[in-house]
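Source file: data24.cif. Holds: mmCIF, C-alpha atoms.
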```cif
data_final
loop_
_atom_site.label_atom_id
_atom_site.label_comp_id
_atom_site.auth_asym_id
_atom_site.auth_seq_id
_atom_site.Cartn_x
_atom_site.Cartn_y
_atom_site.Cartn_z
CA MET A 1 25.01 33.06 -53.31
CA THR A 2 24.78 36.76 -52.69
CA PRO A 3 26.22 38.11 -49.43
CA THR A 4 23.82 39.13 -46.70
CA ALA A 5 23.68 42.80 -45.75
CA THR A 6 25.52 43.95 -42.66
CA PRO A 7 23.06 44.87 -39.90
CA GLY A 8 22.66 48.49 -38.84
CA GLN A 9 22.98 49.78 -35.27
CA THR A 10 21.94 52.96 -33.52
CA VAL A 11 24.05 56.06 -34.10
CA GLY A 12 24.15 56.34 -30.28
CA PRO A 13 24.51 59.46 -28.15
CA PHE A 14 28.10 60.38 -28.98
CA PHE A 15 28.15 61.12 -32.72
CA HIS A 16 28.33 64.88 -32.32
CA TYR A 17 32.09 65.14 -32.32
CA ALA A 18 32.42 62.81 -35.33
CA LEU A 19 29.67 63.28 -37.91
CA PRO A 20 28.78 66.99 -37.92
CA TYR A 21 31.28 69.25 -39.69
CA GLU A 22 31.61 72.91 -40.55
CA GLY A 23 29.08 73.87 -43.20
CA ASP A 24 27.35 70.49 -43.03
CA ARG A 25 23.84 71.96 -43.22
CA ASP A 26 24.58 74.67 -45.77
CA LEU A 27 24.29 73.08 -49.21
CA VAL A 28 24.33 76.69 -50.41
CA PRO A 29 25.37 79.80 -48.48
CA PRO A 30 22.38 81.02 -46.42
CA GLY A 31 20.67 83.98 -48.04
CA GLY A 32 22.41 83.48 -51.37
CA PRO A 33 20.66 83.39 -54.77
CA GLY A 34 17.91 80.79 -54.77
CA ALA A 35 18.64 79.71 -51.20
CA VAL A 36 15.70 78.38 -49.20
CA VAL A 37 15.52 76.94 -45.70
CA LEU A 38 14.30 73.39 -45.17
CA ARG A 39 13.67 73.03 -41.46
CA GLY A 40 11.71 70.94 -39.03
CA GLN A 41 11.53 69.25 -35.69
CA VAL A 42 12.19 65.60 -34.84
CA LEU A 43 9.64 64.33 -32.29
CA ASP A 44 9.23 61.11 -30.33
CA GLY A 45 6.09 59.10 -29.56
CA ALA A 46 5.22 61.37 -26.63
CA GLY A 47 5.53 64.47 -28.78
CA ASN A 48 8.79 65.46 -27.13
CA ALA A 49 11.66 66.94 -29.09
CA VAL A 50 14.51 64.55 -29.96
CA PRO A 51 17.64 66.57 -29.18
CA ASP A 52 20.10 63.89 -30.27
CA ALA A 53 18.97 63.06 -33.79
CA LEU A 54 20.86 63.52 -37.04
CA VAL A 55 19.11 64.31 -40.33
CA GLU A 56 20.76 63.80 -43.72
CA LEU A 57 19.54 65.36 -46.94
CA TRP A 58 20.14 64.24 -50.54
CA GLN A 59 18.48 65.99 -53.45
CA ALA A 60 18.51 66.98 -57.10
CA ARG A 61 19.36 70.45 -58.41
CA PRO A 62 16.53 72.88 -59.28
CA ASP A 63 16.70 71.66 -62.90
CA GLY A 64 16.20 68.06 -61.76
CA THR A 65 19.73 66.87 -62.53
CA VAL A 66 21.72 64.93 -59.95
CA ALA A 67 24.96 66.45 -58.69
CA ARG A 68 28.02 64.24 -59.21
CA GLU A 69 30.57 66.61 -57.67
CA PRO A 70 32.51 65.89 -54.48
CA GLY A 71 33.00 68.56 -51.86
CA SER A 72 30.19 68.06 -49.35
CA LEU A 73 32.66 67.77 -46.44
CA ARG A 74 34.78 70.78 -47.44
CA ARG A 75 32.44 73.16 -49.15
CA ASP A 76 33.87 75.72 -51.54
CA GLY A 77 30.81 77.97 -51.48
CA TRP A 78 29.78 77.56 -55.12
CA THR A 79 29.63 73.81 -55.91
CA PHE A 80 26.21 72.31 -55.26
CA THR A 81 26.79 68.71 -54.11
CA GLY A 82 23.19 67.86 -53.20
CA PHE A 83 24.15 66.45 -49.79
CA GLY A 84 23.84 67.90 -46.29
CA ARG A 85 23.79 66.80 -42.69
CA ALA A 86 22.25 68.49 -39.64
CA ALA A 87 22.18 67.39 -36.00
CA THR A 88 19.10 68.49 -34.08
CA GLY A 89 19.49 71.06 -31.34
CA GLY A 90 18.14 70.92 -27.80
CA ASP A 91 14.71 71.80 -29.19
CA GLY A 92 14.80 68.86 -31.64
CA CYS A 93 15.01 71.25 -34.58
CA TYR A 94 17.18 70.95 -37.68
CA ALA A 95 17.62 73.32 -40.61
CA PHE A 96 19.31 73.25 -44.02
CA SER A 97 20.13 76.06 -46.40
CA THR A 98 19.60 74.62 -49.85
CA LEU A 99 18.00 74.96 -53.28
CA VAL A 100 14.54 73.77 -54.27
CA PRO A 101 14.94 70.36 -55.94
CA GLY A 102 13.36 69.99 -59.35
CA PRO A 103 11.61 66.89 -60.69
CA THR A 104 14.17 64.38 -62.02
CA GLU A 105 11.74 63.50 -64.84
CA ALA A 106 9.20 65.81 -66.45
CA GLY A 107 5.86 65.76 -64.67
CA ARG A 108 7.13 63.88 -61.61
CA ALA A 109 6.84 65.16 -58.07
CA ALA A 110 10.08 66.60 -56.66
CA PHE A 111 11.23 65.65 -53.17
CA PHE A 112 14.14 65.80 -50.76
CA ALA A 113 15.43 62.31 -49.84
CA VAL A 114 15.85 62.26 -46.06
CA THR A 115 17.60 59.87 -43.66
CA VAL A 116 17.07 60.01 -39.90
CA PHE A 117 19.37 58.72 -37.17
CA ALA A 118 19.01 59.05 -33.40
CA ARG A 119 19.98 57.64 -30.07
CA GLY A 120 17.27 55.11 -29.24
CA LEU A 121 16.60 54.46 -32.93
CA LEU A 122 18.17 51.09 -33.69
CA ASP A 123 18.56 51.61 -37.44
CA ARG A 124 18.36 54.58 -39.78
CA LEU A 125 15.01 55.54 -41.26
CA PHE A 126 14.42 56.72 -44.81
CA THR A 127 11.69 59.11 -45.82
CA ARG A 128 10.86 61.80 -48.41
CA ALA A 129 9.98 65.45 -47.98
CA TYR A 130 7.94 66.31 -51.06
CA VAL A 131 8.02 69.85 -52.41
CA PRO A 132 4.47 71.26 -52.19
CA GLY A 133 2.77 73.17 -55.00
CA ASP A 134 2.55 70.97 -58.08
CA SER A 135 -0.75 69.31 -57.19
CA ALA A 136 -0.97 67.33 -60.42
CA ALA A 137 2.48 65.81 -59.95
CA LEU A 138 1.82 65.09 -56.27
CA ALA A 139 -1.52 63.44 -57.10
CA ALA A 140 0.16 61.23 -59.70
CA ASP A 141 3.08 60.22 -57.49
CA PRO A 142 3.16 56.41 -57.05
CA LEU A 143 4.11 56.54 -53.37
CA LEU A 144 1.78 59.36 -52.33
CA SER A 145 -1.17 57.98 -54.22
CA SER A 146 -0.73 54.59 -52.51
CA LEU A 147 -1.24 56.16 -49.06
CA PRO A 148 -4.40 57.22 -47.23
CA ALA A 149 -4.74 61.01 -47.05
CA GLU A 150 -3.75 61.32 -43.39
CA ARG A 151 -0.55 59.34 -44.00
CA ARG A 152 0.25 61.10 -47.30
CA ARG A 153 0.18 64.43 -45.51
CA THR A 154 3.21 63.46 -43.36
CA LEU A 155 5.41 63.36 -46.48
CA ILE A 156 4.59 66.76 -47.96
CA ALA A 157 6.51 69.73 -46.63
CA SER A 158 4.64 72.91 -45.79
CA THR A 159 5.86 76.35 -46.74
CA ASP A 160 6.85 79.34 -44.66
CA GLU A 161 8.35 82.70 -45.54
CA ARG A 162 11.86 81.26 -45.90
CA GLY A 163 11.17 77.92 -47.55
CA PHE A 164 9.85 74.61 -46.28
CA VAL A 165 8.95 72.99 -42.98
CA PHE A 166 9.13 69.21 -42.57
CA ASP A 167 8.60 67.73 -39.11
CA ILE A 168 9.62 64.13 -38.52
CA ARG A 169 7.48 62.17 -36.04
CA LEU A 170 9.21 58.92 -35.15
CA GLN A 171 6.10 57.45 -33.51
CA GLY A 172 2.49 58.22 -32.70
CA GLY A 173 -0.77 59.24 -34.28
CA ASP A 174 0.78 61.49 -36.87
CA GLU A 175 3.82 59.27 -37.42
CA THR A 176 5.85 60.06 -40.52
CA VAL A 177 5.75 57.45 -43.28
CA PHE A 178 9.14 55.73 -43.39
CA LEU A 179 10.33 53.77 -46.40
CA ARG A 180 11.80 50.40 -47.21
CA TYR A 181 13.55 49.90 -50.53
CA PRO A 182 13.76 46.56 -52.39
CA GLY A 183 16.26 44.17 -50.86
CA GLN A 184 15.89 45.55 -47.33
CA MET B 185 22.51 56.44 -22.65
CA SER B 186 19.88 58.27 -20.69
CA SER B 187 20.18 62.01 -21.03
CA ILE B 188 18.24 62.49 -17.79
CA ALA B 189 20.60 63.72 -15.10
CA VAL B 190 18.48 62.84 -12.07
CA PRO B 191 19.52 59.69 -10.18
CA ALA B 192 17.35 56.70 -11.02
CA PRO B 193 17.34 54.54 -7.88
CA GLU B 194 15.02 52.02 -9.47
CA LEU B 195 17.30 50.94 -12.31
CA GLU B 196 16.49 47.35 -13.19
CA PRO B 197 19.07 44.60 -12.79
CA GLN B 198 20.80 42.88 -15.70
CA SER B 199 18.73 39.75 -14.99
CA VAL B 200 15.54 41.54 -16.04
CA ILE B 201 17.10 42.76 -19.29
CA SER B 202 18.69 39.37 -19.98
CA SER B 203 15.41 37.51 -19.50
CA GLU B 204 13.66 39.91 -21.89
CA ILE B 205 16.43 39.35 -24.43
CA ALA B 206 16.12 35.57 -24.04
CA ALA B 207 12.32 35.64 -24.38
CA ILE B 208 12.48 37.65 -27.60
CA GLU B 209 15.09 35.33 -29.06
CA ALA B 210 13.03 32.24 -28.10
CA GLY B 211 10.00 33.75 -29.84
CA TYR B 212 12.10 34.45 -32.89
CA ARG B 213 13.36 30.87 -33.09
CA GLN B 214 9.84 29.57 -32.77
CA ALA B 215 8.58 31.81 -35.59
CA GLY B 216 11.31 30.51 -37.89
CA VAL B 217 11.42 33.54 -40.21
CA GLU B 218 14.97 34.79 -40.75
CA GLU B 219 15.74 38.39 -39.79
CA THR B 220 19.02 40.05 -40.75
CA GLN B 221 18.62 43.56 -39.33
CA PRO B 222 17.94 44.92 -35.83
CA ARG B 223 14.38 45.28 -34.63
CA LEU B 224 13.36 48.91 -34.34
CA ASP B 225 10.89 47.95 -31.60
CA TYR B 226 13.18 46.28 -29.05
CA PRO B 227 12.03 46.95 -25.46
CA PRO B 228 15.26 45.79 -23.71
CA TYR B 229 16.91 48.91 -25.21
CA ARG B 230 14.85 51.29 -23.10
CA SER B 231 15.62 54.41 -25.14
CA SER B 232 13.92 52.84 -28.16
CA THR B 233 10.47 52.82 -26.51
CA LEU B 234 9.29 56.17 -27.89
CA ARG B 235 11.69 56.33 -30.80
CA HIS B 236 10.58 53.55 -33.12
CA PRO B 237 7.84 53.80 -35.72
CA THR B 238 4.78 51.69 -34.96
CA GLY B 239 3.50 51.77 -38.54
CA ASP B 240 4.95 49.34 -41.08
CA LEU B 241 7.73 50.65 -43.27
CA CYS B 242 6.28 51.52 -46.66
CA ASP B 243 7.74 49.48 -49.52
CA VAL B 244 8.72 51.77 -52.37
CA GLU B 245 10.64 51.61 -55.62
CA PRO B 246 13.55 54.03 -55.51
CA GLU B 247 13.23 57.08 -57.73
CA THR B 248 16.11 58.59 -59.70
CA ILE B 249 17.58 60.63 -56.85
CA GLU B 250 17.50 57.61 -54.53
CA ARG B 251 19.43 55.52 -57.05
CA TRP B 252 22.38 57.85 -56.76
CA ALA B 253 24.48 58.79 -53.76
CA PRO B 254 26.52 61.82 -52.82
CA CYS B 255 30.03 61.86 -54.24
CA PHE B 256 33.08 62.24 -52.06
CA GLY B 257 36.62 62.77 -53.27
CA ALA B 258 40.17 63.65 -52.38
CA ARG B 259 39.12 67.18 -51.58
CA ASP B 260 36.77 65.88 -48.88
CA VAL B 261 39.10 63.56 -47.02
CA ASP B 262 42.78 63.87 -46.11
CA PRO B 263 44.55 60.47 -46.10
CA LEU B 264 45.88 61.33 -42.62
CA GLU B 265 42.32 61.15 -41.29
CA ALA B 266 42.52 57.33 -41.48
CA ASP B 267 45.09 57.33 -38.68
CA LEU B 268 43.35 58.02 -35.36
CA THR B 269 46.65 57.66 -33.49
CA ALA B 270 48.12 60.66 -35.33
CA GLY B 271 47.47 64.38 -35.15
CA HIS B 272 48.28 64.89 -31.48
CA ALA B 273 51.45 65.79 -29.60
CA GLY B 274 52.06 62.24 -28.46
CA GLU B 275 50.99 58.63 -28.84
CA PRO B 276 47.60 57.61 -27.43
CA ILE B 277 47.46 55.11 -24.59
CA GLY B 278 46.11 51.69 -25.55
CA GLU B 279 46.47 48.68 -27.76
CA ARG B 280 47.30 49.93 -31.27
CA ILE B 281 45.19 48.15 -33.89
CA ILE B 282 44.58 48.10 -37.63
CA LEU B 283 40.94 47.90 -38.75
CA ALA B 284 40.59 46.96 -42.40
CA GLY B 285 38.13 45.36 -44.77
CA ARG B 286 36.06 45.77 -47.91
CA VAL B 287 32.76 47.48 -48.59
CA VAL B 288 30.73 45.55 -51.17
CA ASP B 289 27.17 45.80 -52.46
CA GLY B 290 24.49 43.13 -52.35
CA ALA B 291 25.97 41.45 -55.42
CA GLY B 292 29.44 41.32 -53.89
CA ARG B 293 30.82 44.14 -56.06
CA PRO B 294 33.20 46.66 -54.51
CA VAL B 295 31.81 50.04 -53.45
CA ARG B 296 34.53 52.36 -54.78
CA GLY B 297 35.60 55.78 -53.64
CA GLN B 298 32.93 56.08 -50.98
CA LEU B 299 33.07 57.67 -47.58
CA VAL B 300 33.65 55.67 -44.39
CA GLU B 301 33.53 57.56 -41.08
CA ILE B 302 34.30 56.05 -37.67
CA TRP B 303 34.17 57.19 -34.04
CA GLN B 304 34.93 55.41 -30.81
CA ALA B 305 35.78 55.64 -27.12
CA ASN B 306 39.40 55.69 -26.00
CA ALA B 307 41.20 52.76 -24.39
CA ALA B 308 39.65 53.65 -21.02
CA GLY B 309 36.11 53.63 -22.42
CA ARG B 310 35.67 57.41 -22.55
CA TYR B 311 34.41 59.45 -25.49
CA THR B 312 35.72 62.92 -26.28
CA HIS B 313 32.14 64.14 -25.99
CA GLU B 314 30.81 66.69 -23.54
CA ARG B 315 27.87 64.47 -22.61
CA ASP B 316 30.05 61.50 -21.67
CA GLN B 317 30.33 61.71 -17.88
CA HIS B 318 31.96 58.30 -17.30
CA PRO B 319 34.72 58.92 -14.71
CA ALA B 320 37.44 57.38 -16.85
CA PRO B 321 40.38 59.44 -18.11
CA LEU B 322 40.33 61.38 -21.33
CA ASP B 323 43.45 60.86 -23.42
CA PRO B 324 44.98 64.14 -24.63
CA ASN B 325 46.49 62.19 -27.53
CA PHE B 326 43.28 60.59 -28.75
CA THR B 327 40.12 62.14 -30.18
CA GLY B 328 38.57 59.00 -31.63
CA THR B 329 37.25 60.11 -35.03
CA GLY B 330 38.47 59.04 -38.47
CA ARG B 331 37.51 59.09 -42.14
CA CYS B 332 38.67 57.46 -45.33
CA LEU B 333 37.54 56.76 -48.88
CA THR B 334 37.30 53.18 -50.11
CA ASP B 335 39.81 52.30 -52.85
CA ALA B 336 39.15 50.83 -56.30
CA ASP B 337 38.58 47.43 -54.72
CA GLY B 338 36.25 48.79 -52.02
CA ARG B 339 38.92 48.54 -49.31
CA TYR B 340 39.15 50.74 -46.24
CA ARG B 341 41.88 50.79 -43.58
CA PHE B 342 42.18 52.64 -40.26
CA GLN B 343 44.88 52.72 -37.62
CA THR B 344 43.54 53.33 -34.13
CA ILE B 345 43.61 51.95 -30.61
CA LYS B 346 41.27 49.33 -29.22
CA PRO B 347 38.35 51.05 -27.45
CA GLY B 348 37.38 50.12 -23.92
CA PRO B 349 33.90 49.10 -22.72
CA TYR B 350 31.91 51.76 -20.90
CA PRO B 351 28.93 51.97 -18.55
CA TRP B 352 25.56 53.40 -19.57
CA ARG B 353 22.19 53.88 -17.92
CA ASN B 354 19.94 51.45 -19.72
CA HIS B 355 19.76 49.37 -16.52
CA PHE B 356 21.80 48.82 -13.37
CA ASN B 357 25.44 47.91 -14.06
CA ALA B 358 24.91 48.12 -17.82
CA TRP B 359 28.11 48.08 -19.90
CA ARG B 360 28.46 48.50 -23.63
CA PRO B 361 30.84 46.00 -25.21
CA ALA B 362 33.88 47.58 -26.84
CA HIS B 363 32.84 48.86 -30.26
CA VAL B 364 33.69 51.24 -33.08
CA HIS B 365 30.87 53.20 -34.76
CA PHE B 366 30.93 53.01 -38.59
CA SER B 367 29.08 55.29 -41.02
CA VAL B 368 29.17 54.11 -44.64
CA PHE B 369 27.80 55.45 -47.93
CA GLY B 370 27.03 53.20 -50.88
CA SER B 371 26.67 53.97 -54.56
CA SER B 372 22.98 54.64 -53.99
CA PHE B 373 21.19 56.63 -51.29
CA THR B 374 19.23 53.53 -50.31
CA GLN B 375 22.41 51.79 -49.13
CA ARG B 376 23.20 54.21 -46.32
CA LEU B 377 24.47 52.32 -43.26
CA VAL B 378 25.39 53.34 -39.74
CA THR B 379 26.44 50.46 -37.53
CA GLN B 380 28.95 49.30 -34.92
CA LEU B 381 31.92 46.94 -35.14
CA TYR B 382 32.51 44.63 -32.16
CA PHE B 383 35.51 42.58 -31.13
CA PRO B 384 35.78 38.77 -30.88
CA GLY B 385 35.61 37.14 -27.47
CA ASP B 386 33.89 40.03 -25.70
CA PRO B 387 31.64 38.65 -22.90
CA LEU B 388 29.63 41.89 -22.76
CA ARG B 389 28.02 41.30 -26.17
CA ALA B 390 25.74 38.60 -24.69
CA LEU B 391 24.41 41.14 -22.16
CA ASP B 392 24.04 44.15 -24.44
CA PRO B 393 20.52 45.05 -25.64
CA ILE B 394 21.84 47.12 -28.56
CA TYR B 395 23.85 44.23 -29.99
CA GLN B 396 21.09 41.75 -29.12
CA SER B 397 18.49 43.86 -30.96
CA ILE B 398 19.67 41.85 -33.97
CA ILE B 399 17.79 38.75 -32.90
CA ASP B 400 19.43 36.26 -35.25
CA ASP B 401 22.79 35.14 -33.87
CA ARG B 402 24.32 34.66 -37.33
CA ALA B 403 23.18 38.14 -38.33
CA ARG B 404 24.64 39.85 -35.27
CA ASP B 405 27.88 37.88 -35.67
CA ARG B 406 28.30 39.86 -38.92
CA LEU B 407 29.19 42.85 -36.75
CA VAL B 408 32.09 41.05 -35.07
CA ALA B 409 35.52 41.65 -36.59
CA THR B 410 37.93 38.77 -37.07
CA TYR B 411 41.44 38.79 -35.68
CA ASP B 412 43.70 38.57 -38.74
CA HIS B 413 47.35 37.75 -38.16
CA ASP B 414 48.21 38.70 -41.74
CA LEU B 415 46.93 42.18 -40.98
CA THR B 416 48.87 42.32 -37.74
CA SER B 417 52.02 44.35 -38.23
CA HIS B 418 55.38 43.19 -36.83
CA GLU B 419 56.29 44.98 -33.60
CA TRP B 420 53.60 47.57 -34.30
CA ALA B 421 49.86 46.74 -34.19
CA THR B 422 47.39 43.85 -34.11
CA GLY B 423 44.96 43.56 -37.00
CA TYR B 424 41.19 43.06 -37.19
CA ARG B 425 39.36 42.46 -40.44
CA TRP B 426 35.73 43.36 -41.01
CA ASP B 427 33.92 43.37 -44.35
CA ILE B 428 30.75 45.39 -44.86
CA VAL B 429 27.91 44.38 -47.18
CA LEU B 430 25.42 47.06 -48.23
CA THR B 431 21.89 46.27 -49.37
CA GLY B 432 21.18 46.12 -53.09
CA GLY B 433 22.73 48.93 -55.03
CA ARG B 434 22.47 51.13 -58.06
CA GLN B 435 24.03 48.39 -60.16
CA THR B 436 21.09 46.18 -59.31
CA TRP B 437 18.85 48.56 -61.23
CA PHE B 438 21.27 49.54 -63.98
CA GLU B 439 23.14 46.37 -64.86
CA SER B 440 24.15 47.71 -68.28
CA GLU B 441 25.94 50.65 -66.72
CA ASP B 442 28.27 48.35 -64.83
CA VAL B 443 29.23 46.56 -68.03
CA ALA B 444 29.86 49.75 -70.00
#
```
Before anything else, please render the file you have as C-alpha cells.
Amino acid sequence: MTPTATPGQTVGPFFHYALPYEGDRDLVPPGGPGAVVLRGQVLDGAGNAVPDALVELWQARPDGTVAREPGSLRRDGWTFTGFGRAATGGDGCYAFSTLVPGPTEAGRAAFFAVTVFARGLLDRLFTRAYVPGDSAALAADPLLSSLPAERRRTLIASTDERGFVFDIRLQGGDETVFLRYPGQ
Amino acid sequence: MSSIAVPAPELEPQSVISSEIAAIEAGYRQAGVEETQPRLDYPPYRSSTLRHPTGDLCDVEPETIERWAPCFGARDVDPLEADLTAGHAGEPIGERIILAGRVVDGAGRPVRGQLVEIWQANAAGRYTHERDQHPAPLDPNFTGTGRCLTDADGRYRFQTIKPGPYPWRNHFNAWRPAHVHFSVFGSSFTQRLVTQLYFPGDPLRALDPIYQSIIDDRARDRLVATYDHDLTSHEWATGYRWDIVLTGGRQTWFESEDVA
C-alpha cells in the first residue's frame, strides 16, 4: 500500500521573516545580459491586491535545458538555477529578474512554472505563465488547446518594454487557471 | 490573521465557527468520498472567502520542467541552520525539542538532498514578525526560522523550542493551536508542499478552522507529530517524530531512472 500524501496548510501571515531571502527574486542580476522582468499582481475575488502572497518560479534555461545546479538560496551572480521566490508587496505586485525560458522540446510552448501561496489560501496553487509569441506552439499546446479562449488567456503572459506581465487572479470572472497534477 | 487594524466589535463567537465546522464534517461523512487535502473553499476560515479559486483545478500531465525540481546543496544551507536554539547570545526560553522525520515520495522512496524550511512562534506564542501584535514577549534569543537538507535516507532533523499557541482574529477568542510551519521541496516541481506540524494532545486543534479545513480526521491527523521517547535526548530535549509524504514524484514517471 502506498503512503497517503501529507495534507497542505496555508502559508499564513508570518512567512516573511522565514521564506524570503536576499536575491530570492533575481535569478539573474537585473539589467544583465538577457535579463527580462517577469512581473504581475496577485488579486483576490474582489479585485483587491493580495499583499501577503508568495510566488515561486521554476523554469528552463533559454536553450530549453533544465538547470541542475544548486545555489538558489546563496546566489553567486553567474549560475542560473532556474528557481526564484518573490513575496508580493503592499500593492500585491511581485517581480523576478530572469531569462526567457526556451521550449524543453522542439516545437513545444515554453512557460514559467509558477506556485502561489498566500494567507487565506489553504493550499498552494500551481499554474503556468506561457511565453507569448510562438503562436503555432501555443496553439498546439495540450493544456492551452483544452481550454476555452477566455480561460486560455489567463495563462499567457503579456509583454511590456522590460519583459512579461502575468497577473494571478485567485478568484472571480477572470480567474487564473490553476492546475492539478496526477496523484493529487 | 486579519490585516485590518480597525476594531471589529462584531466578531463571531467560537460556537458559530464550531457549528460550521461540524456541519461541513457531517456533510463530508454523508457523501462518503475520501478527501486527503484541505478544502480551498472553507468558509469557517474567514480569510479564505475571496482567496480560493471557484473554478475546478485543471487536470494536466506534467511537462518536462514540472518533472524536475530546483536543486539545493551544501552551498545553500549551513548545517547550523537546523538548530533554532543557536545563533543568539543566550539560550531561548521554552521547552527544548527535537523535530525529526523522513520525507518520502508517493511510492515511499526517500526524497534525498532536498530543502526543508521551518518557521514558528516562540514559547510565548509570538512571531518575530513586524505584523504580529500579540502582546506576548519576544525572546531575544529566538528568531524561529530554520533550514536543512534531507540526507540520503530522506531524513531531516531540527532542534528548536516548543511554540506556544497564539490568538488571531478569525473570530472572537480564536486561538491557533501550537504549530510549526514546514516548507518542503520534492524531486519534482509538482510535489511542492507547505504545511504545518501540530503537537499531540492539543485541545485547540478541535476548534481551529485552519486545521479543520482538512475535513477527514485521519487525513488531518497526518499533521500531528508523535512523541518519540527514542528521539528524546537524556537531560537535554524531548523528541517529536513527523514523517512527510509528498504526492507522486519524478520517479513515478521515470521508473527506469531510479533503477539505473
Would you kindly translate the PyMOL selection byres ((chain A and resi 154-162) around 8) into the concrete residues it picks from this file, as a list in words?
-> Val36, Val37, Thr127, Arg128, Ala129, Tyr130, Val131, Pro132, Leu144, Glu150, Arg151, Arg152, Arg153, Gly163, Phe164, Val165, Phe166, Asp174, Glu175, Thr176 and Val177 of chain A
When the PyMOL selection byres ((chain A and resi 123) around 10) is applied to the file above, which residues end up in the set, as an NGL selection string?
-> (:A and (7-11 or 116-122 or 124-126)) or (:B and (221-224 or 236 or 377-379))
So how far away is CA of Ile345 in chain B from CA of Gly71 in chain A, in Å?
-> 29.0 Å
Result set of the PyMOL selection byres ((chain A) within 8 of (chain B)) on the coordinates above, as number ranges by chain | A: 2-19, 44-46, 58-60, 66-74, 81-83, 104, 113, 119-124, 126, 143, 170-172, 175, 177-184
Nearby residues, (53.7, 54.5, -34.5) file frame, 9 Å, only C-alpha atoms, as a ChimeraX atom specification | /B:269-270,275,280,420-421
Can you tell me how far CA of Phe326 in chain B sits from CA of Ala307 in chain B, in Å to one decimal?
-> 9.2 Å
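In this model, the gap between CA of Phe112 in chain A and CA of Leu333 in chain B comes to 25.2 Å.
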Taking all atoms of range 332-336 of chain B that the file lists and extending 6 Å past them on each side, where is the centre of the axis-aligned box and how long are its edges? Answer in Å to one decimal, as JSON.
```
{"center_x": 38.6, "center_y": 54.1, "center_z": -50.8, "size_x": 14.5, "size_y": 18.6, "size_z": 23.0}
```
Using all atoms listed in the file, can you list as a list in words the residues within 10 Å of (32.8, 35.5, -30.3)?
-> Tyr382, Phe383, Pro384, Gly385, Asp386, Pro387, Arg389, Ala390, Asp405, Val408, Ala409 and Thr410 of chain B
If you count all atoms listed in the file, the residue of A:Pro101, A:Gly92, A:Pro62, A:Gly77 closest to Arg39 in chain A turns out to be A:Gly92
Using only C-alpha atoms, determine which residues lie at most 9 Å from Glu105 in chain A, disregarding the query and same-chain residues fewer than 5 positions distant; provide the list as an MDAnalysis selection string.
-> (chainID A and resid 64:65 110) or (chainID B and resid 248)
Regenerate range 113-117 of chain A at the level of all heavy atoms and dump it as a tab-separated table (two decimals), in the coordinates of the input.
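And here is the file that came out, part_32.tsv:
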```tsv
chain	number	residue	atom	x	y	z
A	113	ALA	N	15.25	63.62	-50.48
A	113	ALA	CA	15.43	62.31	-49.84
A	113	ALA	C	16.06	62.56	-48.47
A	113	ALA	O	17.03	63.31	-48.35
A	113	ALA	CB	16.33	61.43	-50.69
A	114	VAL	N	15.47	61.95	-47.44
A	114	VAL	CA	15.85	62.26	-46.06
A	114	VAL	C	16.18	60.96	-45.32
A	114	VAL	O	15.47	59.95	-45.47
A	114	VAL	CB	14.68	62.99	-45.34
A	114	VAL	CG1	14.97	63.19	-43.86
A	114	VAL	CG2	14.40	64.34	-46.03
A	115	THR	N	17.25	60.98	-44.55
A	115	THR	CA	17.60	59.87	-43.66
A	115	THR	C	17.64	60.39	-42.23
A	115	THR	O	18.14	61.49	-41.99
A	115	THR	CB	18.97	59.28	-44.01
A	115	THR	OG1	19.17	59.31	-45.41
A	115	THR	CG2	19.11	57.84	-43.52
A	116	VAL	N	17.13	59.60	-41.29
A	116	VAL	CA	17.07	60.01	-39.90
A	116	VAL	C	17.82	59.00	-39.02
A	116	VAL	O	17.62	57.79	-39.17
A	116	VAL	CB	15.61	60.10	-39.40
A	116	VAL	CG1	15.55	60.71	-38.01
A	116	VAL	CG2	14.75	60.88	-40.37
A	117	PHE	N	18.65	59.53	-38.15
A	117	PHE	CA	19.37	58.72	-37.17
A	117	PHE	C	19.12	59.33	-35.80
A	117	PHE	O	18.94	60.53	-35.68
A	117	PHE	CB	20.89	58.77	-37.41
A	117	PHE	CG	21.32	58.48	-38.83
A	117	PHE	CD1	21.37	59.49	-39.79
A	117	PHE	CD2	21.70	57.20	-39.19
A	117	PHE	CE1	21.78	59.22	-41.09
A	117	PHE	CE2	22.11	56.92	-40.49
A	117	PHE	CZ	22.16	57.94	-41.44
```
